[in-house]
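With CSV, C-alpha atoms inside, this is my_file_16.csv:
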chain,number,residue,atom,x,y,z
L,18,MET,CA,-16.0,-28.0,-19.4
L,19,LYS,CA,-17.5,-24.6,-20.0
L,20,ALA,CA,-20.3,-25.1,-17.5
L,21,THR,CA,-17.8,-26.1,-14.7
L,22,ALA,CA,-15.8,-22.9,-15.3
L,23,SER,CA,-18.9,-20.7,-15.0
L,24,THR,CA,-20.2,-22.6,-12.0
L,25,SER,CA,-16.9,-22.1,-10.2
L,26,THR,CA,-16.9,-18.4,-11.1
L,27,ALA,CA,-20.4,-18.0,-9.7
L,28,THR,CA,-19.3,-19.7,-6.5
L,29,GLN,CA,-16.2,-17.5,-6.1
L,30,THR,CA,-18.1,-14.3,-6.5
L,31,SER,CA,-20.8,-15.2,-3.9
L,32,GLU,CA,-18.1,-15.7,-1.2
L,33,THR,CA,-17.2,-13.0,1.3
L,34,LYS,CA,-13.9,-11.1,1.3
L,35,GLN,CA,-12.3,-9.4,4.2
L,36,PHE,CA,-12.3,-5.6,4.2
L,37,LEU,CA,-10.6,-3.1,6.5
L,38,VAL,CA,-13.1,-0.5,7.5
L,39,PHE,CA,-11.8,3.0,8.2
L,40,GLY,CA,-13.3,6.4,8.8
L,41,GLN,CA,-12.5,9.8,7.3
L,42,GLY,CA,-14.5,12.6,8.7
L,43,SER,CA,-18.1,11.4,9.0
L,44,SER,CA,-17.8,8.8,6.2
L,45,LEU,CA,-16.9,5.2,6.4
L,46,PHE,CA,-14.8,3.4,3.8
L,47,GLY,CA,-13.7,-0.2,3.2
L,48,VAL,CA,-10.6,-1.5,1.4
L,49,GLU,CA,-9.9,-5.1,0.5
L,50,LEU,CA,-7.7,-6.5,3.2
L,51,GLU,CA,-5.5,-8.2,0.7
L,52,ALA,CA,-4.4,-4.7,-0.5
L,53,VAL,CA,-3.4,-3.6,3.0
L,54,ARG,CA,0.2,-4.5,4.1
L,55,GLU,CA,0.1,-2.9,7.5
L,56,VAL,CA,-1.5,-0.2,9.6
L,57,LEU,CA,0.8,2.4,11.3
L,58,SER,CA,0.2,5.1,13.9
L,59,LEU,CA,0.4,8.4,12.0
L,60,LYS,CA,1.5,10.2,15.1
L,61,GLU,CA,4.5,7.8,15.6
L,62,GLN,CA,5.6,7.3,12.0
L,63,PRO,CA,8.0,10.1,11.0
L,64,ILE,CA,7.1,11.8,7.7
L,65,SER,CA,9.5,14.2,5.9
L,66,PRO,CA,7.7,16.9,4.0
L,67,VAL,CA,8.6,17.4,0.3
L,68,PRO,CA,8.5,21.0,-0.9
L,69,ASN,CA,6.5,22.0,-4.1
L,70,THR,CA,4.3,18.9,-4.1
L,71,GLN,CA,0.6,18.4,-4.2
L,72,PRO,CA,-1.3,19.6,-1.0
L,73,PHE,CA,-2.5,16.0,-0.3
L,74,LEU,CA,1.1,14.6,-0.2
L,75,LEU,CA,2.2,14.6,3.5
L,76,GLY,CA,5.7,13.6,2.5
L,77,LEU,CA,7.9,10.6,2.5
L,78,THR,CA,8.4,8.0,5.2
L,79,ASN,CA,11.0,5.3,5.8
L,80,LEU,CA,9.4,2.0,6.6
L,81,ARG,CA,12.2,-0.4,7.5
L,82,GLY,CA,14.4,0.8,4.7
L,83,GLU,CA,11.7,1.3,2.1
L,84,ILE,CA,10.8,4.9,1.2
L,85,LEU,CA,7.0,5.4,0.8
L,86,ALA,CA,4.9,8.4,-0.2
L,87,ALA,CA,2.4,9.2,2.4
L,88,ALA,CA,-0.8,10.9,1.3
L,89,ASP,CA,-3.7,12.4,3.1
L,90,PHE,CA,-6.7,10.3,2.0
L,91,GLY,CA,-9.2,13.0,2.8
L,92,ARG,CA,-7.4,15.7,0.8
L,93,PHE,CA,-6.7,13.3,-2.1
L,94,THR,CA,-10.4,12.4,-2.4
L,95,GLY,CA,-11.7,15.9,-1.8
L,96,ILE,CA,-13.3,15.3,1.7
L,97,GLU,CA,-12.2,16.3,5.2
L,98,PRO,CA,-8.4,16.2,5.7
L,99,VAL,CA,-6.9,13.9,8.4
L,100,ASP,CA,-5.8,15.4,11.7
L,101,THR,CA,-2.1,14.3,11.6
L,102,HIS,CA,-1.8,14.9,15.4
L,103,HIS,CA,-4.8,12.9,16.5
L,104,PRO,CA,-4.0,9.7,18.4
L,105,SER,CA,-6.4,7.6,16.4
L,106,SER,CA,-5.1,8.7,13.0
L,107,ARG,CA,-3.4,5.9,11.0
L,108,ILE,CA,-1.4,5.2,7.9
L,109,LEU,CA,-2.7,2.4,5.8
L,110,VAL,CA,0.3,0.9,3.9
L,111,VAL,CA,-1.5,-0.3,0.7
L,112,GLU,CA,-0.2,-1.8,-2.5
L,113,ALA,CA,-1.6,-2.1,-6.0
L,114,PRO,CA,-0.3,-4.1,-9.0
L,115,ASP,CA,1.3,-2.2,-11.9
L,116,PRO,CA,-1.3,-2.6,-14.7
L,117,ARG,CA,1.3,-2.1,-17.4
L,118,ASP,CA,3.4,-5.1,-16.3
L,119,VAL,CA,2.3,-7.7,-13.8
L,120,ARG,CA,5.8,-9.0,-13.5
L,121,LEU,CA,6.9,-5.7,-11.8
L,122,SER,CA,6.6,-5.3,-8.1
L,123,ARG,CA,3.5,-3.9,-6.7
L,124,MET,CA,3.3,-0.1,-6.0
L,125,ARG,CA,3.2,0.6,-2.3
L,126,MET,CA,2.1,3.8,-0.6
L,127,GLY,CA,0.8,5.2,2.7
L,128,LEU,CA,-2.7,6.6,3.0
L,129,ALA,CA,-3.3,8.7,6.1
L,130,VAL,CA,-6.9,8.2,7.5
L,131,SER,CA,-8.7,9.5,10.6
L,132,ARG,CA,-9.4,6.1,12.2
L,133,VAL,CA,-9.5,2.4,11.6
L,134,GLU,CA,-12.6,0.6,12.8
L,135,GLY,CA,-11.7,-3.0,12.1
L,136,VAL,CA,-12.1,-5.8,9.6
L,137,LEU,CA,-15.4,-7.1,8.3
L,138,PRO,CA,-16.4,-9.9,5.9
L,139,LEU,CA,-18.4,-8.4,3.0
L,140,ASN,CA,-20.0,-10.0,0.0
L,141,PRO,CA,-18.5,-8.3,-3.1
L,142,ASP,CA,-21.7,-9.1,-5.1
L,143,ARG,CA,-23.5,-6.6,-2.9
L,144,ILE,CA,-21.3,-3.7,-3.9
L,145,VAL,CA,-23.4,-1.2,-6.0
L,146,SER,CA,-22.6,1.7,-8.2
L,147,ALA,CA,-21.3,4.9,-6.5
L,148,ILE,CA,-23.2,7.4,-8.7
L,149,ASP,CA,-24.4,9.5,-5.8
L,150,VAL,CA,-21.0,10.6,-4.5
L,151,SER,CA,-18.9,13.7,-5.3
L,152,PRO,CA,-17.1,13.8,-8.7
L,153,ASP,CA,-13.8,14.2,-6.8
L,154,LEU,CA,-14.4,10.9,-4.9
L,155,ALA,CA,-16.2,8.7,-7.4
L,156,PRO,CA,-13.1,7.8,-9.6
L,157,PHE,CA,-11.5,6.2,-6.5
L,158,LEU,CA,-14.4,4.0,-5.5
L,159,LYS,CA,-15.4,0.5,-6.6
L,160,GLY,CA,-18.9,1.2,-5.3
L,161,LEU,CA,-21.1,1.5,-2.2
L,162,TYR,CA,-22.0,-1.2,0.3
L,163,ASN,CA,-24.9,-1.3,2.8
L,164,CYS,CA,-23.5,-2.9,5.9
L,165,ASP,CA,-26.3,-3.3,8.5
L,166,GLY,CA,-27.6,0.2,7.8
L,167,ARG,CA,-24.2,1.8,7.6
L,168,LEU,CA,-23.0,3.0,4.2
L,169,LEU,CA,-19.5,1.9,3.3
L,170,MET,CA,-17.7,3.4,0.3
L,171,ILE,CA,-15.4,0.7,-1.2
L,172,VAL,CA,-12.0,2.1,-2.1
L,173,ASP,CA,-10.3,1.2,-5.4
L,174,VAL,CA,-6.6,1.1,-4.4
L,175,GLU,CA,-5.5,0.6,-8.0
L,176,ALA,CA,-7.3,3.8,-9.1
L,177,ILE,CA,-5.6,5.8,-6.4
L,178,ALA,CA,-2.1,4.3,-7.1
L,179,HIS,CA,-2.4,5.0,-10.8
L,180,SER,CA,-4.2,8.4,-10.7
L,181,GLU,CA,-2.8,11.2,-12.8
L,182,ARG,CA,-3.0,13.4,-9.6
L,183,TRP,CA,0.4,12.1,-8.5
Represent the structure from my file as structure tokens, please.
Amino acid sequence: MKATASTSTATQTSETKQFLVFGQGSSLFGVELEAVREVLSLKEQPISPVPNTQPFLLGLTNLRGEILAAADFGRFTGIEPVDTHHPSSRILVVEAPDPRDVRLSRMRMGLAVSRVEGVLPLNPDRIVSAIDVSPDLAPFLKGLYNCDGRLLMIVDVEAIAHSERW
């Protein structure tokens, strides 16, 4: 019985997963597609600023009756901020489970990014450590991925959602 369990685990980890690829400044990032609920146009989604908050927090937005915090991914991670008026800027509505209690609903938020490039199948086994990135960015990455010569930084949505920076 034990051999079967380890065999099925090995099979599962060698399979590909779908990742949404997005750009922020000159960098490329990937986030597991299962964590992304939808992609909105930043220019068309009204955001209400909230005074006296962190500089990365763009404000709050009403998404079909649900109030979400919208953060500038670039400022949050210490890289180039998003141009909120550019037509290709998007809001990724992402969600992460609550690590304290899995019975609670998932935490949802909006991450403003410069552009969305598409969806790619990636092999999670090929994600390597992100030791060569800035100390501001490293805690929010699962690792790095070489995708046909392009370096993708794999985003850890749970780390962002549960960061003390909020």
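Using only C-alpha atoms, every residue with an atom at most 7 Å from the point (-23.8, 3.1, -4.1) is listed here: L:Val145, L:Ser146, L:Ala147, L:Ile148, L:Asp149, L:Gly160, L:Leu161, L:Tyr162.
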Range 111-157 of chain L residues near range 37-59 of chain L within 10 Å, closest pair each, using all atoms listed in the file, as a tab-separated table:
residue	atom	partner	partner_atom	distance
L:Val111	CA	L:Val53	CA	4.4
L:Glu112	CA	L:Ala52	CA	5.5
L:Ala113	CA	L:Ala52	CA	6.7
L:Pro114	CA	L:Ala52	CA	9.5
L:Arg125	CA	L:Arg54	CA	8.7
L:Met126	CA	L:Arg54	CA	9.7
L:Gly127	CA	L:Leu57	CA	9.0
L:Leu128	CA	L:Val56	CA	9.6
L:Ala129	CA	L:Leu59	CA	7.0
L:Val130	CA	L:Gln41	CA	5.8
L:Ser131	CA	L:Gln41	CA	5.0
L:Arg132	CA	L:Gly40	CA	5.2
L:Val133	CA	L:Phe39	CA	4.1
L:Glu134	CA	L:Phe39	CA	5.2
L:Gly135	CA	L:Val38	CA	5.4
L:Val136	CA	L:Leu37	CA	4.4
L:Leu137	CA	L:Leu37	CA	6.5
L:Pro138	CA	L:Leu37	CA	9.0
L:Leu139	CA	L:Gly47	CA	9.5
L:Pro141	CA	L:Glu49	CA	9.9
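The gap separating CA of Glu175 in chain L from CA of Thr78 in chain L is 20.5 Å, in Å to one decimal.
Here CA of Gln62 in chain L is placed at a distance of 28.9 Å from CA of Lys34 in chain L.
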**Fill in**
As a check of understanding: the span from CA of Pro152 in chain L to CA of Gly95 in chain L is 9.0 Å
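Of the listed residues (L:Ala88, L:Arg123, L:Lys159, L:Glu83), L:Ala88 comes nearest to Thr70 in chain L; the distances count all atoms listed in the file.
In terms of minimum interatomic distance to Ile96 in chain L, L:Leu154 ranks closest within L:Leu80, L:Cys164, L:Ala178, L:Leu154, counting all atoms listed in the file.
Using only C-alpha atoms for every distance, the candidate list L:Arg167, L:Gly91, L:Pro63, L:Ser106 yields L:Pro63 as the residue closest to Asn79 in chain L.
Nearest residue to Leu74 in chain L, choosing from L:Phe157, L:Thr94, L:Gln35, L:Glu61 and counting only C-alpha atoms: L:Thr94.
Distance check against Arg92 in chain L using all atoms listed in the file: of L:Lys60, L:Gly166, L:Arg182, L:Met124, the minimum falls on L:Arg182.
Distance check against Asp142 in chain L using all atoms listed in the file: of L:Glu32, L:Asp89, L:Asp173, L:Asp100, the minimum falls on L:Glu32.
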